[in-house]
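Shown below: start.pdb, with PDB, C-alpha atoms.
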ATOM      1  CA  MET A 762      23.617  40.258 -22.005  1.00  0.00           C
ATOM      2  CA  SER A 763      26.703  39.621 -19.890  1.00  0.00           C
ATOM      3  CA  GLN A 764      26.797  38.428 -16.273  1.00  0.00           C
ATOM      4  CA  ILE A 765      23.500  39.035 -14.453  1.00  0.00           C
ATOM      5  CA  THR A 766      23.848  41.058 -11.253  1.00  0.00           C
ATOM      6  CA  PRO A 767      21.720  40.700  -8.118  1.00  0.00           C
ATOM      7  CA  GLU A 768      20.552  44.279  -8.699  1.00  0.00           C
ATOM      8  CA  GLN A 769      19.264  43.385 -12.176  1.00  0.00           C
ATOM      9  CA  ILE A 770      17.450  40.389 -10.751  1.00  0.00           C
ATOM     10  CA  GLU A 771      15.928  42.486  -7.954  1.00  0.00           C
ATOM     11  CA  ARG A 772      14.822  45.094 -10.515  1.00  0.00           C
ATOM     12  CA  PHE A 773      13.162  42.376 -12.588  1.00  0.00           C
ATOM     13  CA  MET A 774      11.519  40.642  -9.634  1.00  0.00           C
ATOM     14  CA  SER A 775      10.027  43.816  -8.147  1.00  0.00           C
ATOM     15  CA  GLY A 776       9.275  45.257 -11.583  1.00  0.00           C
ATOM     16  CA  GLN A 777       7.170  42.326 -12.723  1.00  0.00           C
ATOM     17  CA  VAL A 778       4.967  42.588  -9.616  1.00  0.00           C
ATOM     18  CA  ARG A 779       4.648  46.358 -10.027  1.00  0.00           C
ATOM     19  CA  CYS A 780       3.706  46.030 -13.722  1.00  0.00           C
ATOM     20  CA  TRP A 781       1.227  43.233 -12.997  1.00  0.00           C
ATOM     21  CA  ASN A 782      -0.544  45.176 -10.259  1.00  0.00           C
ATOM     22  CA  LYS A 783      -0.633  48.360 -12.383  1.00  0.00           C
ATOM     23  CA  HIS A 784      -2.060  46.372 -15.336  1.00  0.00           C
ATOM     24  CA  ASP A 785       0.958  47.460 -17.422  1.00  0.00           C
ATOM     25  CA  ARG A 786       1.242  44.769 -20.093  1.00  0.00           C
ATOM     26  CA  ALA A 787       3.845  46.658 -22.156  1.00  0.00           C
ATOM     27  CA  GLY A 788       6.047  47.193 -19.093  1.00  0.00           C
ATOM     28  CA  LEU A 789       5.802  43.546 -18.051  1.00  0.00           C
ATOM     29  CA  ILE A 790       6.673  42.244 -21.520  1.00  0.00           C
ATOM     30  CA  ALA A 791       9.572  44.729 -21.760  1.00  0.00           C
ATOM     31  CA  LEU A 792      11.032  43.408 -18.491  1.00  0.00           C
ATOM     32  CA  TYR A 793      10.836  39.837 -19.764  1.00  0.00           C
ATOM     33  CA  ARG A 794      12.316  40.813 -23.156  1.00  0.00           C
ATOM     34  CA  GLU A 795      15.204  42.560 -21.413  1.00  0.00           C
ATOM     35  CA  MET A 796      16.078  39.506 -19.325  1.00  0.00           C
ATOM     36  CA  ALA A 797      15.169  36.821 -21.889  1.00  0.00           C
ATOM     37  CA  SER A 798      16.276  38.320 -25.194  1.00  0.00           C
ATOM     38  CA  THR A 799      17.360  34.901 -26.465  1.00  0.00           C
ATOM     39  CA  GLN A 800      15.090  32.413 -24.698  1.00  0.00           C
ATOM     40  CA  LEU A 801      12.184  32.367 -22.241  1.00  0.00           C
ATOM     41  CA  THR A 802      11.079  29.075 -20.730  1.00  0.00           C
ATOM     42  CA  ILE A 803       8.121  28.919 -18.348  1.00  0.00           C
ATOM     43  CA  GLU A 804       7.255  25.595 -16.772  1.00  0.00           C
ATOM     44  CA  TYR A 805       4.224  24.692 -14.696  1.00  0.00           C
ATOM     45  CA  VAL A 806       5.538  21.955 -12.421  1.00  0.00           C
ATOM     46  CA  GLY A 807       3.449  18.803 -12.688  1.00  0.00           C
ATOM     47  CA  ARG A 808       2.246  19.376 -16.246  1.00  0.00           C
ATOM     48  CA  ALA A 809       3.134  16.762 -18.802  1.00  0.00           C
ATOM     49  CA  GLN A 810       2.977  19.296 -21.641  1.00  0.00           C
ATOM     50  CA  GLN A 811       4.460  22.775 -21.596  1.00  0.00           C
ATOM     51  CA  ALA A 812       3.956  25.722 -23.944  1.00  0.00           C
ATOM     52  CA  ASP A 813       6.239  28.390 -25.398  1.00  0.00           C
ATOM     53  CA  GLY A 814       7.305  30.826 -22.671  1.00  0.00           C
ATOM     54  CA  TRP A 815       6.203  33.909 -24.609  1.00  0.00           C
ATOM     55  CA  LEU A 816       2.774  32.400 -25.221  1.00  0.00           C
ATOM     56  CA  VAL A 817       2.476  31.598 -21.513  1.00  0.00           C
ATOM     57  CA  ILE A 818       3.390  35.067 -20.216  1.00  0.00           C
ATOM     58  CA  GLU A 819       1.219  36.887 -22.776  1.00  0.00           C
ATOM     59  CA  GLU A 820      -1.738  34.548 -22.242  1.00  0.00           C
ATOM     60  CA  MET A 821      -1.372  34.803 -18.473  1.00  0.00           C
ATOM     61  CA  PHE A 822      -1.555  38.588 -18.611  1.00  0.00           C
ATOM     62  CA  ASP A 823      -4.350  38.779 -21.194  1.00  0.00           C
ATOM     63  CA  LYS A 824      -6.576  36.163 -19.545  1.00  0.00           C
ATOM     64  CA  HIS A 825      -5.907  36.737 -15.863  1.00  0.00           C
ATOM     65  CA  ASN A 826      -4.451  40.159 -15.081  1.00  0.00           C
ATOM     66  CA  HIS A 827      -7.887  41.595 -14.310  1.00  0.00           C
ATOM     67  CA  GLN A 828      -8.584  38.678 -11.913  1.00  0.00           C
ATOM     68  CA  PHE A 829      -5.524  38.837  -9.646  1.00  0.00           C
ATOM     69  CA  ARG A 830      -3.510  41.160  -7.494  1.00  0.00           C
ATOM     70  CA  LEU A 831      -0.055  39.892  -6.522  1.00  0.00           C
ATOM     71  CA  GLU A 832       1.305  40.059  -3.008  1.00  0.00           C
ATOM     72  CA  VAL A 833       4.954  39.192  -2.427  1.00  0.00           C
ATOM     73  CA  VAL A 834       5.497  37.080   0.682  1.00  0.00           C
ATOM     74  CA  ASN A 835       9.228  36.553   0.224  1.00  0.00           C
ATOM     75  CA  THR A 836      11.927  36.857  -2.430  1.00  0.00           C
ATOM     76  CA  ILE A 837      15.344  35.231  -2.146  1.00  0.00           C
ATOM     77  CA  ILE A 838      18.094  36.034  -4.647  1.00  0.00           C
ATOM     78  CA  ASN A 839      21.176  33.844  -4.703  1.00  0.00           C
ATOM     79  CA  GLY A 840      23.707  34.180  -7.516  1.00  0.00           C
ATOM     80  CA  ASN A 841      21.867  34.092 -10.844  1.00  0.00           C
ATOM     81  CA  GLU A 842      18.718  32.553  -9.356  1.00  0.00           C
ATOM     82  CA  ALA A 843      15.716  33.759  -7.416  1.00  0.00           C
ATOM     83  CA  ALA A 844      12.894  32.093  -5.548  1.00  0.00           C
ATOM     84  CA  VAL A 845       9.711  33.877  -4.607  1.00  0.00           C
ATOM     85  CA  ARG A 846       6.522  33.101  -2.778  1.00  0.00           C
ATOM     86  CA  HIS A 847       3.517  34.991  -4.133  1.00  0.00           C
ATOM     87  CA  ARG A 848      -0.058  35.216  -3.023  1.00  0.00           C
ATOM     88  CA  ASN A 849      -2.197  35.493  -6.161  1.00  0.00           C
ATOM     89  CA  CYS A 850      -5.236  37.192  -4.617  1.00  0.00           C
ATOM     90  CA  ILE A 851      -8.447  36.682  -6.584  1.00  0.00           C
ATOM     91  CA  VAL A 852     -10.064  40.099  -6.953  1.00  0.00           C
ATOM     92  CA  GLY A 853     -13.455  40.412  -5.268  1.00  0.00           C
ATOM     93  CA  SER A 854     -12.951  37.382  -3.042  1.00  0.00           C
ATOM     94  CA  SER A 855     -10.921  36.178  -0.110  1.00  0.00           C
ATOM     95  CA  GLN A 856      -9.478  33.336  -2.204  1.00  0.00           C
ATOM     96  CA  VAL A 857      -5.775  33.044  -2.933  1.00  0.00           C
ATOM     97  CA  ILE A 858      -3.680  30.863  -5.208  1.00  0.00           C
ATOM     98  CA  GLU A 859      -0.356  30.418  -3.456  1.00  0.00           C
ATOM     99  CA  SER A 860       2.701  30.077  -5.657  1.00  0.00           C
ATOM    100  CA  ILE A 861       6.344  29.335  -5.210  1.00  0.00           C
ATOM    101  CA  GLU A 862       8.297  30.372  -8.270  1.00  0.00           C
ATOM    102  CA  THR A 863      11.914  29.860  -9.233  1.00  0.00           C
ATOM    103  CA  TYR A 864      13.819  31.975 -11.743  1.00  0.00           C
ATOM    104  CA  ARG A 865      17.176  31.088 -13.317  1.00  0.00           C
ATOM    105  CA  PHE A 866      18.828  33.896 -15.264  1.00  0.00           C
ATOM    106  CA  GLY A 867      21.544  33.458 -17.860  1.00  0.00           C
ATOM    107  CA  PRO A 868      22.977  35.660 -20.580  1.00  0.00           C
ATOM    108  CA  GLY A 869      19.786  36.467 -22.527  1.00  0.00           C
ATOM    109  CA  THR A 870      17.883  33.548 -21.014  1.00  0.00           C
ATOM    110  CA  LEU A 871      15.303  33.111 -18.293  1.00  0.00           C
ATOM    111  CA  HIS A 872      13.879  29.828 -17.032  1.00  0.00           C
ATOM    112  CA  VAL A 873      10.852  30.090 -14.723  1.00  0.00           C
ATOM    113  CA  ARG A 874       9.130  27.280 -12.795  1.00  0.00           C
ATOM    114  CA  TYR A 875       5.737  27.751 -11.126  1.00  0.00           C
ATOM    115  CA  PHE A 876       4.563  25.588  -8.248  1.00  0.00           C
ATOM    116  CA  LEU A 877       0.884  26.405  -7.682  1.00  0.00           C
ATOM    117  CA  GLN A 878      -1.386  25.560  -4.771  1.00  0.00           C
ATOM    118  CA  PRO A 879      -5.104  25.781  -5.530  1.00  0.00           C
ATOM    119  CA  PRO A 880      -7.378  27.913  -3.372  1.00  0.00           C
ATOM    120  CA  LYS A 881      -9.295  26.245  -0.574  1.00  0.00           C
ATOM    121  CA  ASP A 882     -12.650  27.255  -2.119  1.00  0.00           C
ATOM    122  CA  THR A 883     -13.517  24.472  -4.545  1.00  0.00           C
ATOM    123  CA  SER A 884     -16.007  26.734  -6.329  1.00  0.00           C
ATOM    124  CA  VAL A 885     -13.127  28.408  -8.189  1.00  0.00           C
ATOM    125  CA  ASN A 886     -12.943  26.957 -11.708  1.00  0.00           C
ATOM    126  CA  LEU A 887      -9.334  25.778 -11.931  1.00  0.00           C
ATOM    127  CA  GLU A 888      -9.686  24.631 -15.548  1.00  0.00           C
ATOM    128  CA  GLN A 889      -9.338  28.256 -16.672  1.00  0.00           C
ATOM    129  CA  PHE A 890      -5.724  28.329 -15.417  1.00  0.00           C
ATOM    130  CA  ARG A 891      -2.928  26.737 -17.429  1.00  0.00           C
ATOM    131  CA  GLY A 892      -1.110  25.705 -14.241  1.00  0.00           C
ATOM    132  CA  PHE A 893      -3.956  23.530 -12.978  1.00  0.00           C
ATOM    133  CA  ALA A 894      -4.755  21.599 -16.157  1.00  0.00           C
ATOM    134  CA  THR A 895      -4.845  17.876 -15.687  1.00  0.00           C
ATOM    135  CA  THR A 896      -1.808  15.886 -16.736  1.00  0.00           C
ATOM    136  CA  THR A 897      -3.834  13.608 -19.032  1.00  0.00           C
ATOM    137  CA  ALA A 898      -5.451  14.748 -22.266  1.00  0.00           C
ATOM    138  CA  GLU A 899      -3.961  18.229 -21.862  1.00  0.00           C
ATOM    139  CA  THR A 900      -4.230  20.873 -24.494  1.00  0.00           C
ATOM    140  CA  PRO A 901      -1.256  23.210 -24.951  1.00  0.00           C
TER
END

Represent the structure contained in this file as structure tokens.
Amino acid sequence: MSQITPEQIERFMSGQVRCWNKHDRAGLIALYREMASTQLTIEYVGRAQQADGWLVIEEMFDKHNHQFRLEVVNTIINGNEAAVRHRNCIVGSSQVIESIETYRFGPGTLHVRYFLQPPKDTSVNLEQFRGFATTTAETP
């Protein structure tokens, strides 16, 4: 892939939300494959251990797509990078996991960083989410 255009980034950013909310796993993975044909890195900020980006995106969809509906609060695209604020709305509740996410696009590469804020309701089991695992004795 040559130089990434703002239009390609916008298509990816809006497309991933659309695919997530439509429960379209194949469409979501295709968008990521198109932008990250060489390398996908996904980092949960604050975790000592990280996992393979493809494992993370596939696991996230398979384990959690039925639990969340995404709302976009704001997306900023600047050059080959984007920052977004999402509300990860827990289906069947009023609880939300707020996220700020950064995306850096390169020729065939995509590096994503997730900053997650837990919901206010402490009854939500955060251990089920990769992004909230403790930094000691983590499992990949």

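Take the PyMOL selection byres ((chain A and resi 847-856) around 7) and apply it to this file: it picks Gln828, Phe829, Arg830, Leu831, Glu832, Val833, Val834, Val845, Arg846, Val857, Ile858, Glu859, Ser860, Ile861, Pro880 and Asp882 of chain A.
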
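Taking atom CA of A:Asp813 and atom CA of A:Arg779 as endpoints, the distance between them is 23.7 Å.
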
Which residues fall under the PyMOL selection byres ((chain A and resi 794) around 12) in this file, as a PDB file with C-alpha atoms, in the frame of the given file?
ATOM      1  CA  MET A 762      23.617  40.258 -22.005  1.00  0.00           C
ATOM      2  CA  PHE A 773      13.162  42.376 -12.588  1.00  0.00           C
ATOM      3  CA  GLN A 777       7.170  42.326 -12.723  1.00  0.00           C
ATOM      4  CA  ALA A 787       3.845  46.658 -22.156  1.00  0.00           C
ATOM      5  CA  GLY A 788       6.047  47.193 -19.093  1.00  0.00           C
ATOM      6  CA  LEU A 789       5.802  43.546 -18.051  1.00  0.00           C
ATOM      7  CA  ILE A 790       6.673  42.244 -21.520  1.00  0.00           C
ATOM      8  CA  ALA A 791       9.572  44.729 -21.760  1.00  0.00           C
ATOM      9  CA  LEU A 792      11.032  43.408 -18.491  1.00  0.00           C
ATOM     10  CA  TYR A 793      10.836  39.837 -19.764  1.00  0.00           C
ATOM     11  CA  GLU A 795      15.204  42.560 -21.413  1.00  0.00           C
ATOM     12  CA  MET A 796      16.078  39.506 -19.325  1.00  0.00           C
ATOM     13  CA  ALA A 797      15.169  36.821 -21.889  1.00  0.00           C
ATOM     14  CA  SER A 798      16.276  38.320 -25.194  1.00  0.00           C
ATOM     15  CA  THR A 799      17.360  34.901 -26.465  1.00  0.00           C
ATOM     16  CA  GLN A 800      15.090  32.413 -24.698  1.00  0.00           C
ATOM     17  CA  LEU A 801      12.184  32.367 -22.241  1.00  0.00           C
ATOM     18  CA  GLY A 814       7.305  30.826 -22.671  1.00  0.00           C
ATOM     19  CA  TRP A 815       6.203  33.909 -24.609  1.00  0.00           C
ATOM     20  CA  ILE A 818       3.390  35.067 -20.216  1.00  0.00           C
ATOM     21  CA  GLU A 819       1.219  36.887 -22.776  1.00  0.00           C
ATOM     22  CA  GLY A 869      19.786  36.467 -22.527  1.00  0.00           C
ATOM     23  CA  THR A 870      17.883  33.548 -21.014  1.00  0.00           C
ATOM     24  CA  LEU A 871      15.303  33.111 -18.293  1.00  0.00           C
TER      25      LEU A 871
END

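Proximity of A:Arg865, A:Ile803, A:Glu842, A:Trp781 to A:His825, computed with all atoms listed in the file, is greatest for A:Trp781.
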
TODO: Using the chain letters and residue numbers of this document, give as a VMD selection string the residues selected by the PyMOL selection byres ((chain A and resi 763-769) around 10).
DONE: chain A and resid 762 770 to 774 796 838 to 843 866 to 869

I need the chosen residues saved as a compact mmCIF listing (two decimals), in the frame of the given file, with C-alpha atoms.
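Saved to out32.txt:
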# COMPACT_ATOMS: atom_id res chain seq x y z
CA MET A 762 23.62 40.26 -22.00
CA ILE A 770 17.45 40.39 -10.75
CA GLU A 771 15.93 42.49 -7.95
CA ARG A 772 14.82 45.09 -10.52
CA PHE A 773 13.16 42.38 -12.59
CA MET A 774 11.52 40.64 -9.63
CA MET A 796 16.08 39.51 -19.32
CA ILE A 838 18.09 36.03 -4.65
CA ASN A 839 21.18 33.84 -4.70
CA GLY A 840 23.71 34.18 -7.52
CA ASN A 841 21.87 34.09 -10.84
CA GLU A 842 18.72 32.55 -9.36
CA ALA A 843 15.72 33.76 -7.42
CA PHE A 866 18.83 33.90 -15.26
CA GLY A 867 21.54 33.46 -17.86
CA PRO A 868 22.98 35.66 -20.58
CA GLY A 869 19.79 36.47 -22.53

TODO: Find, counting only C-alpha atoms, the residue in A:Gln810, A:Thr802, A:Ser775, A:Asn782 that gets nearest to A:Asn835.
DONE: A:Ser775

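Between atom CA of A:Glu862 and atom CA of A:Phe876 there is a distance of 6.1 Å.
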
Because the input lacks atoms here, generate N, CA, C and O atoms for stretch 820-844 of chain A and report them as a CSV table (one decimal), keeping the file's coordinate frame.
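Final file, rebuild_31.csv:
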chain,number,residue,atom,x,y,z
A,820,GLU,N,-0.4,35.1,-22.5
A,820,GLU,CA,-1.7,34.5,-22.2
A,820,GLU,C,-2.1,34.8,-20.8
A,820,GLU,O,-3.2,35.1,-20.5
A,821,MET,N,-1.1,34.6,-19.9
A,821,MET,CA,-1.4,34.8,-18.5
A,821,MET,C,-1.8,36.2,-18.2
A,821,MET,O,-2.8,36.5,-17.5
A,822,PHE,N,-1.2,37.2,-18.8
A,822,PHE,CA,-1.6,38.6,-18.6
A,822,PHE,C,-2.9,38.8,-19.2
A,822,PHE,O,-3.8,39.4,-18.6
A,823,ASP,N,-3.1,38.5,-20.5
A,823,ASP,CA,-4.4,38.8,-21.2
A,823,ASP,C,-5.6,38.1,-20.6
A,823,ASP,O,-6.6,38.7,-20.5
A,824,LYS,N,-5.4,36.9,-20.1
A,824,LYS,CA,-6.6,36.2,-19.5
A,824,LYS,C,-6.8,36.4,-18.1
A,824,LYS,O,-8.0,36.4,-17.6
A,825,HIS,N,-5.8,36.8,-17.3
A,825,HIS,CA,-5.9,36.7,-15.9
A,825,HIS,C,-5.5,38.0,-15.1
A,825,HIS,O,-5.7,38.1,-13.9
A,826,ASN,N,-4.9,39.0,-15.8
A,826,ASN,CA,-4.5,40.2,-15.1
A,826,ASN,C,-5.6,40.9,-14.3
A,826,ASN,O,-5.4,41.3,-13.2
A,827,HIS,N,-6.8,40.9,-14.9
A,827,HIS,CA,-7.9,41.6,-14.3
A,827,HIS,C,-8.4,40.8,-13.1
A,827,HIS,O,-9.1,41.4,-12.3
A,828,GLN,N,-8.1,39.5,-13.0
A,828,GLN,CA,-8.6,38.7,-11.9
A,828,GLN,C,-7.7,38.6,-10.7
A,828,GLN,O,-8.2,38.2,-9.6
A,829,PHE,N,-6.5,39.0,-10.8
A,829,PHE,CA,-5.5,38.8,-9.6
A,829,PHE,C,-4.7,40.1,-9.3
A,829,PHE,O,-4.4,40.9,-10.1
A,830,ARG,N,-4.5,40.2,-8.0
A,830,ARG,CA,-3.5,41.2,-7.5
A,830,ARG,C,-2.4,40.3,-6.8
A,830,ARG,O,-2.7,39.5,-6.0
A,831,LEU,N,-1.2,40.6,-7.1
A,831,LEU,CA,-0.1,39.9,-6.5
A,831,LEU,C,0.4,40.5,-5.2
A,831,LEU,O,0.5,41.7,-5.1
A,832,GLU,N,0.6,39.7,-4.2
A,832,GLU,CA,1.3,40.1,-3.0
A,832,GLU,C,2.6,39.2,-2.9
A,832,GLU,O,2.5,38.0,-3.1
A,833,VAL,N,3.7,39.9,-2.6
A,833,VAL,CA,5.0,39.2,-2.4
A,833,VAL,C,5.1,38.8,-1.0
A,833,VAL,O,5.0,39.7,-0.1
A,834,VAL,N,5.3,37.5,-0.7
A,834,VAL,CA,5.5,37.1,0.7
A,834,VAL,C,7.0,37.1,1.0
A,834,VAL,O,7.4,37.6,2.0
A,835,ASN,N,7.8,36.6,0.0
A,835,ASN,CA,9.2,36.6,0.2
A,835,ASN,C,9.9,36.4,-1.1
A,835,ASN,O,9.4,35.7,-2.0
A,836,THR,N,11.1,37.0,-1.3
A,836,THR,CA,11.9,36.9,-2.4
A,836,THR,C,13.3,36.6,-1.9
A,836,THR,O,13.8,37.3,-1.1
A,837,ILE,N,14.0,35.6,-2.5
A,837,ILE,CA,15.3,35.2,-2.1
A,837,ILE,C,16.1,35.2,-3.5
A,837,ILE,O,15.8,34.5,-4.4
A,838,ILE,N,17.2,36.0,-3.5
A,838,ILE,CA,18.1,36.0,-4.6
A,838,ILE,C,19.4,35.5,-4.2
A,838,ILE,O,20.0,35.9,-3.2
A,839,ASN,N,19.9,34.5,-5.0
A,839,ASN,CA,21.2,33.8,-4.7
A,839,ASN,C,21.9,33.6,-6.0
A,839,ASN,O,21.4,32.8,-6.8
A,840,GLY,N,23.0,34.3,-6.3
A,840,GLY,CA,23.7,34.2,-7.5
A,840,GLY,C,22.8,34.6,-8.7
A,840,GLY,O,22.2,35.7,-8.6
A,841,ASN,N,22.7,33.7,-9.7
A,841,ASN,CA,21.9,34.1,-10.8
A,841,ASN,C,20.5,33.5,-10.8
A,841,ASN,O,19.8,33.3,-11.8
A,842,GLU,N,20.0,33.1,-9.5
A,842,GLU,CA,18.7,32.6,-9.4
A,842,GLU,C,17.9,33.3,-8.3
A,842,GLU,O,18.5,34.0,-7.4
A,843,ALA,N,16.6,33.2,-8.4
A,843,ALA,CA,15.7,33.8,-7.4
A,843,ALA,C,14.6,32.8,-7.2
A,843,ALA,O,14.2,32.0,-8.0
A,844,ALA,N,14.1,32.8,-5.9
A,844,ALA,CA,12.9,32.1,-5.5
A,844,ALA,C,12.0,33.1,-4.9
A,844,ALA,O,12.4,34.0,-4.2
